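In what follows, a structure is listed as structure tokens, so that the remarks can point back to it.
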Amino acid sequence: MPMLKVSHITKTFGGLKALDDLSFSVEKGEIYSVIGPNGAGKSTLFNCINSIYTPENGTISYKGEEITNLSSNGVASLGIARTFQNIELFSRLTTMENLMLGRHLHMKTGLLASASMWWRGSKAAQEEIKHREKVEEIIDILDLQAYRDKFVSQLPYGIQKMVELGRALCMEPDLLLLDEPAAGLNNEEREDLIFWIRDIRDEFGITVVMIEHNMQMVVDISDRILVINFGKKLAEGLPEEVINHQEVINAYLGQP
Amino acid sequence: MDMKRDYYEDVQLLHGKTARFWFFLLLITLASLPFIIKGYYVYILSLMAVNVIVALGLNLLVGNTGQISLGHAGFVAIGAYTTAILMISFAVPFIPAMIAGGLIAAFFGFLLGLPALRLEGPYLAIATLAFGLAITTVIGRVGFFGGHMGLSVPAVRFESLGLTRDESVYYVAMITAVLLGIFARNFLKTRPGRAFQAVRDSDIAAAAMGVNVSYYKTLSFAVSAFYAGIAGGLWAILIGFINPGLFSFILSILYLATVVIGGLGTILGSVLGAVVVTFLSLQLENVQTIPGIGQLLEAFSKQFMTLSGLPNIVWVLTGLILILIVLFEPLGLYGIWSRIKTYWKTWPF
Amino acid sequence: MTGQLIISGLTIGSIYAMLALAMSIIYKASEIPNFAQGDMGMISTYIAYMILVVHGWPFWMAFAGAMIFAVILGFLFEFLFIRRAKEPNILNLIIVTLGFQLFLYGMTGWRWGSDQRRLGMPFSETDTINVGGVVISHLGVATILTSIIIMVMLWFFLSRTKLGLAMKAVQQNPMAAEINGIPKDRILGISFAISSVIGAMAGMMIAPITTLDPNMMWDPLMKGFAAAVLGGMTSLPGAIIGGYLLGIIENLFGFYVSLEFKSVVAFLIIVLVLVFKPAGILGHHYVRKV
Amino acid sequence: ERGGDATGVTEDEIVIGSWGPLTGPGALWGNILRGMDAYFDMVNEEGGIHGRNVRFVYRDDGYEPPRTVSAVRQMVQNDNVFAFVGGIGTAPSMAVKDYIIENNIPWVGPLTGSTHFAYPPQENIFALFPLYAREGAVHAEYALDELGAERIAIIYQNDDYGRGGLIGAEMILEERGMDFVERLSVEITDSDLSSHAARLRQSGADMVMMWLLPRQAAIIMGNTAVLGYNPTWMASSALGDMGLMIDITEGRWEGVLFSMFGEMPYSDHEQMQAYRAAFEKKYPDLRWGLFASSGFVFAEVLVEGLERAGRDLTRQSLIEAMETFEGWQGVGAEVTFAPGVRQGSSSLYLVKAKGGLDYEILTDFMDSDIDIDEAIRRLR
Amino acid sequence: MSALLQIKNIETYYGLVYALRGVSLNIEQGSITTILGNNGAGKTTILNSIAGLIDDQPEKGEIWFDGKKINGMKTVKIIGMGIGYAPEGRQIFNELTVKENLEMGAYSRSNRKEISDDIDKMFRYFPVLEERSKQLAGTLSGGEQQMLAISRALMSRPKMLMLDEPSLGLSPILVKEIFGIIKTINEDGVTILLVEQNANMALSIAHYGYILENGRFVTSGSSEKLRENDDVKEFYLGLKSETSVKGYQRYKRKKRWN
Ligand SMILES: Nc1ncnc2c1ncn2[C@@H]1O[C@H](COP(=O)(O)OP(=O)(O)OP(=O)(O)O)[C@@H](O)[C@H]1O
Ligand SMILES: Nc1ncnc2c1ncn2[C@@H]1O[C@H](COP(=O)(O)OP(=O)(O)OP(=O)(O)O)[C@@H](O)[C@H]1O
Ligand SMILES: [Mg+2]
Ligand SMILES: [Mg+2]
């Protein structure tokens, strides 16, 4: 059973078909990249998967279960995490608080429990402490120690991207959707990112679906690549197949 | 890295000896004040405590969840009327009546939270304004609620504890305010509070983290209304008389102003805002009696304005103070406070 | 009777519509609902009263004087207060407008005392025109016409010049507006001035009916705000339609159903409309894309 | 020196307190306080009361009950007020009533015709303002008996004041087997009354009773005039400030009947003229009218009480002295108090407005003996 | 050639954060100058300081543009002197259409004919914008927004154009094109200040380059010279010989900057 299966989804905006009868599936443990020209419908695809949009046609299923009509938070609770192209951090919170929000689904403290947090042993305090440990782990992995108590709106662009990745990791998802994670990173930082994404897959066993325009990176780490154009599948396959595909070169890569 | 930090420190109510010292000093002061100061000031402190409670709740909604309410006086009204009617018609003792008032207000908060799910900005402002208006209109029309005439609220007095009426109200109000303040602080530090703020900053990302946005939006309305309802009950026994006119739109706006000039999204801001606004609203009229300034104002009035209009100086000053605080300190009184704190910490550098 | 009620509704609705226009102009440029709007109009009306009644000068001078005063007041408000806001956020600015409202309210009471006063207008508020059994006062006709003329003029002005677009740009992203060379401050100043003038006209139109007094604009302002929201908050025709609708609903409901609940019901209807159309009748609901 | 509570009384001073709106929507009534202030100045100039001057403290409450509560507490606890006089408005007075009773502070003439202050009688409260319900009844009787009105409508403010008038008149109409042809309530915030006007015209009433604030009275008269509908208007004493009403109704006030509980402020009554002079001397920029003169009407009674209480002034001695009033008359109606009787006066007379400040007095002081208990029952 | 923009030793703070620690920079008329640097080095801060977007900053130093001192001036004035700016995060007007966004870019100009010609020119650069010209800009895809932001900055026909990571989010084919476009614009006489993460591309079109680290320039020079620099090679161009190993960042070669 594939981890994620998208079949025949269509999403239109006014007259524009952002996704047009698109189908593909992602296997567990894969790093699967989605590429395509600007405006091809890649982000729209992600938005359909995590239910920000509902496609007009077609179905999306996750581990065999249909998720097309769930709410966004419902999708998240099944173990699908994502990052955003334009950075959607909680801007007036600190890095730490942003990351703790990644733990939201794993925590249970309700209003009453949290109101009655009076001593170390109280339920809310215990839970905070426990989940802080997980968060610190992610902080260590992503080298975010220096930014722990900074407000995220004051962080440089690249660090914000890392915090967003960290927040998604804190959810301990099974499927991670990354929308242009390397945009705005320099060479060195991108290298780091490549390691991290590999680690994420190898050590945590998370399946990764990634949208990215940096071909070097895409080719480097993808198991398979999907190319879409005008919302339709243009090509799908192994990296070397795809980058040599003539239509992909014409529409997306350009002549070398 | 073995130098593991104690994560409890971050959520601990009072971290460090100094914090504990000041907090207990504050509690002791609050507890002993009624024996030191005159009755009128005890009354003012009680009034401040009541307004602190409203501000705490409203700040949760406006500052932390990012929703506006121009109808908070409506929740205060619900709390006040529930408390009063339970006490008058059903002989319920004050404390349970007050809690019932809070709960019923919370229920209405939940109801108002539903349309609020779809609305934002001025649209939400109008919806909440309409709510506040509807509550007072209905109360004013229905004889059971005392109509426009209003209700006299029974006095509360804990005689067995040897307290006078003023002292009784003072202690209930103060204890409630401190408790609710700590509650607010506790859930802002933990999961529900973070969810509120996530909804404020980006509802889309919040949902992607698994935060149920609708639930937290309505919850925040309900909790905020609960605070207002409790404050309503306290206010009712404090002034001893309620009528629909008390809970006007202007009052809602004053609450909002309290929160903003105190500092959005902070507990201390709510407290400072409520204390300062209450104080100003009671004391500003006395500028006319300050020697020197009083004569100056009179002379000015005679020359350019009217002498009989001079009492309006209260509004002029209130307006200016609101403007100045908000303009020059976007974080409100809380901002001023934290600036002073950093100044002392870094002094003399 | 229904026809009569609709006409009376239109008359008061025109006042709401003008205030709604005034509100939405500022909102268009800054997302601030200006709660000082009403009292800015009120104090300008007092100026007209001073010129007309106290000094006994002709009406057109009073009118001109009030309008000039309104322009200056609008500019000054923006220049002295709105512009100075550090890291402005909407709530802070709303409180600034409230502060200014209190300030003006206090100043008026201080200067003119608490007696209600009469502002005479060249249009009689009791001489009427009779059209098929439906009567409308001269003042009523003038009020309705004024509201339409203002709307049309504004609409032309904003759509024919860059100003309308620039206002929207400033509202949506003040920082981006500045880096595109759009003079944010000047545009805000202009919108405050325009809306102050419209508010002053509303004040002068309503004062002969409700008497001139420092409290006269609060209720109409709330209705105007509600009307603007009903119309869509940024749409000029929306503001006019919202104002008219509100006036008419109030009158019909007051006559046929209940006087006691007429204001509340008007508001509740607005909320109902909003639940189905969260951005008002002519507003667009923009959904943020990620 | 006799025992008893003499707070606020010193060798040469008596502290008297009051409150009312000097700002805000009710600021119009503020002149009552200024009238009182001018009156106490006058008393002090003439040598005070048994060698003591009155020190008058009054505070602005903006007609908001919570502020009244603060103001009264401040006056009691910080200013050591001996007694209160006036105190404007039903709701604000209601808010402080229990507190003043608890502290047994003499309170003469709350400025409200609500029944809450003398029914049941309170030891320390001496009500002077005619009950709204009585006033409504007087109006109805006059309209029916003297004017022969057949179709009567009423437009009233939806509160204690308006509803008081409504119920009083209604009780008289019921006695005669009649009913209002239309009863319309007005909210204090209403600024458009055209649907009220339409309903009035449709009712075909030949007489309309008006229990409103001046502003709303002007609005409704304007709105009905547009419709070409001109009934006979009969207004409560709260609308009795002719100077104001003539001005804001643009002369439409002419011909309106309204009631008064004291000498007309413009009358040539000698004492009233003296009061007017005193007021205009103290407040040259203020308009003399009903509100200012009411201040004198009410404060006069308190001062008479203080005179009667003698030099040994205590709260108890003042209360006892107040109870000796029997048909005493200053510039207001006759005042009578007794143990268990705390509504000191209740009669009014009717006036008809003519052009400008001219008026015609239509009747002597009149009273109506409606069943107060029944009125109270209906008001609830 | 003379210096169009001159920055003399500016220092910029965000509250207590010391972001620029004495930065000096000369931009020759008609040149393309690029600033490279790590995340958080302060690149955006330099551009914002020039544009006068940070309140009361820079704290020290001077900025001269076109013979006039511009620090302390209002943003609108500075922009009005002939600076176009496509900022970080695009900052488009979300609820205006694509076309309206472009018109706002030309706010300071009044010749309608020329403006509409220029809009057509932008549509030639980025044909997809023409297809989307009536769409609300906020609903554009990320890359489309980026194209819009660049076009909008060009609409004022600036003397100097500041671009903050223009290639961000663009497809490979467009990245190539965009650098081509920048070159064309420059050849039309517009001076360009370019902040980029794509150091390869940036250095391939730039005349001069500066390397910023921690709020200071660590090295600068002509782009040829920089491309020869070992540190630049390793850290910015990614021309390392050894294959990377996991945990590599902890054992980085120390930068020396000669
Ligand atoms: N809410 C919307 N309303 C109208 N059009 C939309 C909306 N969302 C997306 N579009 C359009 O749909 C198309 C696909 O957008 P999408 O964001 O999915 O592109 P993308 O593949 O992510 O591109 P990029 O690489 O530039 O981010 C674009 O042309 C965009 O303009
Ligand atoms: N508003 C702010 N408040 C406080 N500090 C800030 C603020 N904006 C930026 N900083 C700090 O200033 C420094 C420089 O930031 P800047 O955004 O200029 O970096 P950058 O070089 O543009 O990075 P990137 O490549 O990620 O865009 C960073 O350390 C950042 O944390
Ligand atoms: Mg995208
Ligand atoms: Mg940057």
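Residue numbering restarts at 1 in every chain; chains get A, B, ... in the order shown in the structure tokens, and ligands count up from 1 in that same order.
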Exercise for the section: Pick out the chain B residues within 6 Å of chain A. Count only C-alpha atoms. Give them as a list in words. Expected result: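 Matching residues, ligands excluded from the count: Tyr7, Phe183, Asn186, Phe187, Ala198, Asp201, Ala205, Ala207, Ala208, Met209, Gly210, Val211 and Asn212 of chain B.
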Export of the given selection (N, CA and C atoms) as a compact mmCIF listing (two decimals), in the first residue's frame:
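The file below, again38.txt, is the result:
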```txt
# COMPACT_ATOMS: atom_id res chain seq x y z
N TYR B 7 13.93 22.12 32.53
CA TYR B 7 12.87 22.70 31.70
C TYR B 7 11.71 23.23 32.52
N PHE B 183 -4.35 31.66 36.58
CA PHE B 183 -4.89 30.75 35.57
C PHE B 183 -4.46 31.21 34.18
N ASN B 186 -0.97 30.61 33.51
CA ASN B 186 -0.66 29.19 33.34
C ASN B 186 -1.06 28.70 31.97
N PHE B 187 -2.26 29.05 31.52
CA PHE B 187 -2.53 28.46 30.22
C PHE B 187 -1.91 29.19 29.06
N ALA B 198 -1.13 30.71 18.17
CA ALA B 198 -0.89 30.19 16.84
C ALA B 198 -2.04 30.59 15.92
N ASP B 201 -1.52 34.18 14.90
CA ASP B 201 -0.43 34.51 13.97
C ASP B 201 -0.63 33.91 12.59
N ALA B 205 -1.20 27.82 9.25
CA ALA B 205 -0.12 27.02 9.81
C ALA B 205 -0.60 26.31 11.07
N ALA B 207 -3.53 25.16 11.73
CA ALA B 207 -4.27 23.96 11.35
C ALA B 207 -3.31 22.88 10.87
N ALA B 208 -2.26 23.29 10.17
CA ALA B 208 -1.31 22.30 9.69
C ALA B 208 -0.54 21.65 10.83
N MET B 209 -0.50 22.30 11.99
CA MET B 209 0.13 21.69 13.15
C MET B 209 -0.86 20.80 13.90
N GLY B 210 -2.08 20.74 13.39
CA GLY B 210 -3.09 19.93 14.07
C GLY B 210 -3.91 20.70 15.08
N VAL B 211 -3.74 22.02 15.11
CA VAL B 211 -4.55 22.82 16.03
C VAL B 211 -5.94 22.97 15.43
N ASN B 212 -6.95 22.62 16.21
CA ASN B 212 -8.31 22.76 15.72
C ASN B 212 -8.72 24.23 15.84
```
Practice task
Return as a ChimeraX atom specification the full set of residues in range 32-211 of chain A whose backbone-based DSSP assignment is strand (DSSP E).
Solution key: /A:32-35,57-62,65-66,80-82,175-179,207-211
Using 7 Å as the limit and counting only C-alpha atoms, can you tabulate each residue of chain C that touches chain B, with its shortest atom-to-atom distance in Å and the two atoms involved, as a tab-separated table?
```
residue	atom	partner	partner_atom	distance
C:Arg84	CA	B:Leu327	CA	6.5
C:Ala85	CA	B:Leu327	CA	4.6
C:Lys86	CA	B:Leu327	CA	6.2
C:Glu87	CA	B:Pro330	CA	6.7
C:Asn92	CA	B:Val326	CA	6.0
C:Ile95	CA	B:Ala257	CA	6.0
C:Val96	CA	B:Ile323	CA	4.8
C:Gly99	CA	B:Gly319	CA	3.8
C:Phe100	CA	B:Gly319	CA	5.7
C:Leu102	CA	B:Gly319	CA	4.8
C:Phe103	CA	B:Val316	CA	4.1
C:Gly106	CA	B:Trp315	CA	4.7
C:Met107	CA	B:Val316	CA	6.2
C:Gly109	CA	B:Gly309	CA	5.5
C:Trp110	CA	B:Gly309	CA	3.8
C:Arg111	CA	B:Met305	CA	4.2
C:Trp112	CA	B:Thr306	CA	6.8
C:Gly113	CA	B:Gly309	CA	4.9
C:Ala226	CA	B:Ile126	CA	6.3
C:Val229	CA	B:Tyr123	CA	6.1
C:Val264	CA	B:Ala134	CA	5.7
C:Phe267	CA	B:Ala130	CA	5.4
C:Leu268	CA	B:Ala130	CA	6.3
C:Val271	CA	B:Ala127	CA	5.4
C:Val275	CA	B:Pro115	CA	6.1
C:Pro278	CA	B:Leu119	CA	5.8
```
Emit the selected residues as an mmCIF file, in the first residue's frame, including N, CA and C atoms.
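Output contents, as saved in again13.cif:
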```
data_model
loop_
_atom_site.group_PDB
_atom_site.id
_atom_site.type_symbol
_atom_site.label_atom_id
_atom_site.label_comp_id
_atom_site.auth_asym_id
_atom_site.auth_seq_id
_atom_site.Cartn_x
_atom_site.Cartn_y
_atom_site.Cartn_z
ATOM 1 N N ARG C 84 2.319 59.730 13.804
ATOM 2 C CA ARG C 84 3.390 59.571 14.819
ATOM 3 C C ARG C 84 3.433 58.172 15.393
ATOM 4 N N ALA C 85 2.435 57.368 15.097
ATOM 5 C CA ALA C 85 2.387 56.052 15.738
ATOM 6 C C ALA C 85 3.642 55.266 15.394
ATOM 7 N N LYS C 86 4.298 54.780 16.441
ATOM 8 C CA LYS C 86 5.455 53.915 16.242
ATOM 9 C C LYS C 86 4.924 52.524 16.007
ATOM 10 N N GLU C 87 5.498 51.809 15.098
ATOM 11 C CA GLU C 87 5.070 50.444 14.790
ATOM 12 C C GLU C 87 3.556 50.336 14.854
ATOM 13 N N ASN C 92 -3.978 49.554 18.031
ATOM 14 C CA ASN C 92 -3.429 50.772 18.613
ATOM 15 C C ASN C 92 -4.035 51.997 17.957
ATOM 16 N N ILE C 95 -7.501 52.752 19.036
ATOM 17 C CA ILE C 95 -7.540 53.426 20.333
ATOM 18 C C ILE C 95 -7.161 54.899 20.172
ATOM 19 N N VAL C 96 -6.262 55.185 19.249
ATOM 20 C CA VAL C 96 -5.934 56.591 18.999
ATOM 21 C C VAL C 96 -7.175 57.341 18.509
ATOM 22 N N GLY C 99 -9.349 57.918 21.423
ATOM 23 C CA GLY C 99 -8.802 58.991 22.247
ATOM 24 C C GLY C 99 -9.124 60.341 21.644
ATOM 25 N N PHE C 100 -8.995 60.430 20.352
ATOM 26 C CA PHE C 100 -9.274 61.702 19.687
ATOM 27 C C PHE C 100 -10.756 62.037 19.803
ATOM 28 N N LEU C 102 -12.731 61.203 22.278
ATOM 29 C CA LEU C 102 -12.960 61.721 23.633
ATOM 30 C C LEU C 102 -12.452 63.155 23.741
ATOM 31 N N PHE C 103 -11.306 63.377 23.148
ATOM 32 C CA PHE C 103 -10.709 64.708 23.191
ATOM 33 C C PHE C 103 -11.649 65.742 22.563
ATOM 34 N N GLY C 106 -14.781 66.239 24.637
ATOM 35 C CA GLY C 106 -14.511 67.082 25.793
ATOM 36 C C GLY C 106 -14.337 68.547 25.404
ATOM 37 N N MET C 107 -13.600 68.769 24.333
ATOM 38 C CA MET C 107 -13.367 70.146 23.902
ATOM 39 C C MET C 107 -14.683 70.841 23.558
ATOM 40 N N GLY C 109 -17.728 70.111 24.669
ATOM 41 C CA GLY C 109 -18.474 70.391 25.889
ATOM 42 C C GLY C 109 -17.872 71.566 26.641
ATOM 43 N N TRP C 110 -16.568 71.637 26.616
ATOM 44 C CA TRP C 110 -15.855 72.686 27.339
ATOM 45 C C TRP C 110 -16.147 74.041 26.690
ATOM 46 N N ARG C 111 -16.115 74.055 25.364
ATOM 47 C CA ARG C 111 -16.262 75.317 24.674
ATOM 48 C C ARG C 111 -17.719 75.779 24.577
ATOM 49 N N TRP C 112 -18.630 74.819 24.325
ATOM 50 C CA TRP C 112 -19.998 75.235 24.041
ATOM 51 C C TRP C 112 -21.017 74.806 25.092
ATOM 52 N N GLY C 113 -20.530 74.212 26.179
ATOM 53 C CA GLY C 113 -21.463 73.855 27.232
ATOM 54 C C GLY C 113 -22.389 72.734 26.820
ATOM 55 N N ALA C 226 -21.847 50.419 10.905
ATOM 56 C CA ALA C 226 -22.552 49.187 10.567
ATOM 57 C C ALA C 226 -22.907 49.166 9.086
ATOM 58 N N VAL C 229 -19.892 48.378 7.002
ATOM 59 C CA VAL C 229 -19.568 46.958 7.069
ATOM 60 C C VAL C 229 -20.546 46.150 6.228
ATOM 61 N N VAL C 264 -31.642 47.223 17.340
ATOM 62 C CA VAL C 264 -30.994 45.927 17.528
ATOM 63 C C VAL C 264 -31.234 45.033 16.334
ATOM 64 N N PHE C 267 -29.079 45.698 13.469
ATOM 65 C CA PHE C 267 -27.735 45.141 13.653
ATOM 66 C C PHE C 267 -27.739 43.627 13.462
ATOM 67 N N LEU C 268 -28.763 42.996 13.983
ATOM 68 C CA LEU C 268 -28.780 41.542 13.869
ATOM 69 C C LEU C 268 -28.905 41.112 12.409
ATOM 70 N N VAL C 271 -25.560 41.182 11.000
ATOM 71 C CA VAL C 271 -24.752 40.024 11.384
ATOM 72 C C VAL C 271 -25.155 38.813 10.555
ATOM 73 N N VAL C 275 -22.811 36.557 8.146
ATOM 74 C CA VAL C 275 -22.531 35.137 8.300
ATOM 75 C C VAL C 275 -22.564 34.457 6.933
ATOM 76 N N PRO C 278 -19.329 37.006 4.384
ATOM 77 C CA PRO C 278 -18.441 37.521 5.439
ATOM 78 C C PRO C 278 -17.752 38.829 5.091
#
```
Exercise for the section: Please give me, as a ChimeraX atom specification, the residues lying within 9 Å of ligand 2 when counting only C-alpha atoms and all ligand atoms. Expected result: /A:147,150-161,184-186 /E:12-20,36-48,54,88,164-165,195-197,212-215
Practice task
DSSP on the backbone, then: every residue of range 287-349 of chain B marked alpha helix (DSSP H), written as an MDAnalysis selection string.
Solution key: chainID B and resid 293:304 313:328 332:346
Practice task
Could you list the residues in chain E lying within 7 Å of chain A, using only C-alpha atoms, and format the result as a list in words?
Solution key: Asn38, Asn39, Gly40, Ser141, Gly143, Glu144, Leu168, Gly169, Leu170, Ser171, Pro172, Ile173, Gln197, Asn198, Phe235, Tyr236, Leu237, Gly238 and Lys246 of chain E
Handout entry: Test item: chain D residues at most 7 Å from chain C, counting only C-alpha atoms, as number ranges by chain
Key = D: 25, 27-28, 185, 189, 191-192, 194-195, 199, 215, 219, 222, 225-227, 247-248
Keeping only all heavy atoms, take the residues you just selected and write them out as a compact mmCIF listing (two decimals), in the first residue's frame.
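Everything below was put into selection.txt:
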```txt
# COMPACT_ATOMS: atom_id res chain seq x y z
N PRO D 25 -24.05 62.99 28.21
CA PRO D 25 -25.36 63.23 27.59
C PRO D 25 -26.34 63.93 28.53
O PRO D 25 -27.26 64.60 28.07
CB PRO D 25 -25.86 61.82 27.28
CG PRO D 25 -24.68 60.94 27.31
CD PRO D 25 -23.70 61.57 28.23
N ALA D 27 -25.62 66.27 30.69
CA ALA D 27 -25.01 67.48 31.27
C ALA D 27 -25.98 68.64 31.42
O ALA D 27 -25.76 69.55 32.22
CB ALA D 27 -23.82 67.90 30.43
N LEU D 28 -27.06 68.57 30.65
CA LEU D 28 -28.10 69.58 30.74
C LEU D 28 -28.58 69.77 32.19
O LEU D 28 -28.85 70.88 32.63
CB LEU D 28 -29.28 69.08 29.90
CG LEU D 28 -30.20 70.03 29.22
CD1 LEU D 28 -29.40 71.02 28.41
CD2 LEU D 28 -31.13 69.24 28.31
N SER D 185 -42.61 53.71 22.65
CA SER D 185 -41.44 53.90 23.52
C SER D 185 -40.26 54.39 22.69
O SER D 185 -40.14 54.11 21.51
CB SER D 185 -41.10 52.60 24.22
OG SER D 185 -40.47 51.73 23.32
N THR D 189 -30.97 56.48 23.03
CA THR D 189 -29.99 56.68 21.96
C THR D 189 -30.63 57.00 20.61
O THR D 189 -29.93 57.35 19.68
CB THR D 189 -29.15 55.40 21.78
OG1 THR D 189 -30.04 54.30 21.69
CG2 THR D 189 -28.20 55.20 22.94
N SER D 191 -31.95 58.58 17.42
CA SER D 191 -31.86 59.93 16.88
C SER D 191 -32.73 60.09 15.64
O SER D 191 -32.78 61.13 15.05
CB SER D 191 -30.41 60.30 16.56
OG SER D 191 -29.77 59.25 15.91
N ASP D 192 -33.42 59.04 15.29
CA ASP D 192 -34.37 59.15 14.19
C ASP D 192 -35.70 58.61 14.69
O ASP D 192 -35.79 57.46 15.09
CB ASP D 192 -33.90 58.34 12.99
CG ASP D 192 -34.99 58.22 11.94
OD1 ASP D 192 -35.67 59.23 11.69
OD2 ASP D 192 -35.18 57.11 11.39
N SER D 194 -38.66 58.88 12.86
CA SER D 194 -39.68 59.03 11.83
C SER D 194 -40.68 57.89 11.83
O SER D 194 -41.84 58.09 11.49
CB SER D 194 -39.06 59.25 10.44
OG SER D 194 -37.91 58.49 10.28
N SER D 195 -40.26 56.68 12.23
CA SER D 195 -41.30 55.64 12.29
C SER D 195 -42.24 55.87 13.47
O SER D 195 -43.42 55.54 13.40
CB SER D 195 -40.69 54.24 12.33
OG SER D 195 -39.58 54.18 13.16
N ARG D 199 -46.30 56.34 13.08
CA ARG D 199 -47.29 55.62 13.91
C ARG D 199 -48.21 56.59 14.60
O ARG D 199 -49.41 56.35 14.73
CB ARG D 199 -46.58 54.75 14.94
CG ARG D 199 -45.80 53.61 14.35
CD ARG D 199 -46.34 52.23 14.60
NE ARG D 199 -46.50 51.83 15.98
CZ ARG D 199 -45.87 50.78 16.53
NH1 ARG D 199 -44.99 50.09 15.82
NH2 ARG D 199 -46.13 50.41 17.75
N ARG D 215 -34.09 66.62 23.76
CA ARG D 215 -33.60 66.36 22.43
C ARG D 215 -34.59 65.51 21.63
O ARG D 215 -34.96 65.85 20.50
CB ARG D 215 -32.26 65.64 22.56
CG ARG D 215 -31.62 65.29 21.30
CD ARG D 215 -30.14 64.97 21.56
NE ARG D 215 -29.56 64.57 20.30
CZ ARG D 215 -29.37 63.31 19.97
NH1 ARG D 215 -29.70 62.36 20.80
NH2 ARG D 215 -28.86 63.01 18.81
N ILE D 219 -36.91 66.20 18.28
CA ILE D 219 -36.88 65.34 17.09
C ILE D 219 -38.28 64.89 16.70
O ILE D 219 -38.68 65.00 15.53
CB ILE D 219 -35.98 64.11 17.33
CG1 ILE D 219 -34.54 64.54 17.60
CG2 ILE D 219 -36.03 63.18 16.13
CD1 ILE D 219 -33.61 63.39 17.97
N GLY D 222 -40.31 67.63 15.18
CA GLY D 222 -39.88 67.89 13.81
C GLY D 222 -40.39 66.82 12.86
O GLY D 222 -40.95 67.10 11.79
N ALA D 225 -44.02 67.16 12.23
CA ALA D 225 -44.31 68.35 11.41
C ALA D 225 -44.10 68.04 9.93
O ALA D 225 -44.87 68.51 9.08
CB ALA D 225 -43.42 69.51 11.84
N VAL D 226 -43.08 67.25 9.62
CA VAL D 226 -42.85 66.88 8.22
C VAL D 226 -44.08 66.20 7.65
O VAL D 226 -44.50 66.44 6.52
CB VAL D 226 -41.63 65.94 8.10
CG1 VAL D 226 -41.53 65.38 6.69
CG2 VAL D 226 -40.37 66.67 8.46
N LEU D 227 -44.70 65.35 8.48
CA LEU D 227 -45.87 64.62 8.01
C LEU D 227 -47.13 65.48 8.02
O LEU D 227 -48.22 64.99 7.71
CB LEU D 227 -46.09 63.37 8.86
CG LEU D 227 -44.95 62.35 8.86
CD1 LEU D 227 -45.29 61.17 9.75
CD2 LEU D 227 -44.66 61.87 7.45
N ASP D 247 -36.14 77.14 21.53
CA ASP D 247 -35.01 77.24 20.62
C ASP D 247 -34.83 75.98 19.79
O ASP D 247 -34.80 76.04 18.57
CB ASP D 247 -33.73 77.53 21.42
CG ASP D 247 -32.53 77.70 20.50
OD1 ASP D 247 -32.69 78.37 19.45
OD2 ASP D 247 -31.46 77.17 20.82
N ILE D 248 -34.77 74.84 20.44
CA ILE D 248 -34.41 73.65 19.67
C ILE D 248 -35.57 73.11 18.86
O ILE D 248 -35.38 72.30 17.97
CB ILE D 248 -33.81 72.53 20.56
CG1 ILE D 248 -34.82 72.04 21.58
CG2 ILE D 248 -32.53 72.99 21.20
CD1 ILE D 248 -34.29 70.89 22.41
```
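With CA of Leu60 in chain B on one side and CA of Ala84 in chain B on the other, the separation reads 26.0 Å.
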Exercise for the section: Do a neighbour search on Gly209 in chain E at 10 Å with only C-alpha atoms, toss out local chain neighbours closer than 2 positions, and write the hits as a PyMOL selection string. Expected result: chain E and resi 32-36+193-195+199+202-203+206-207+211-212+219-227
Fill in the blank from the handout: One decimal place gives the CA of Arg112 in chain E-CA of Lys99 in chain E separation as 13.5 Å
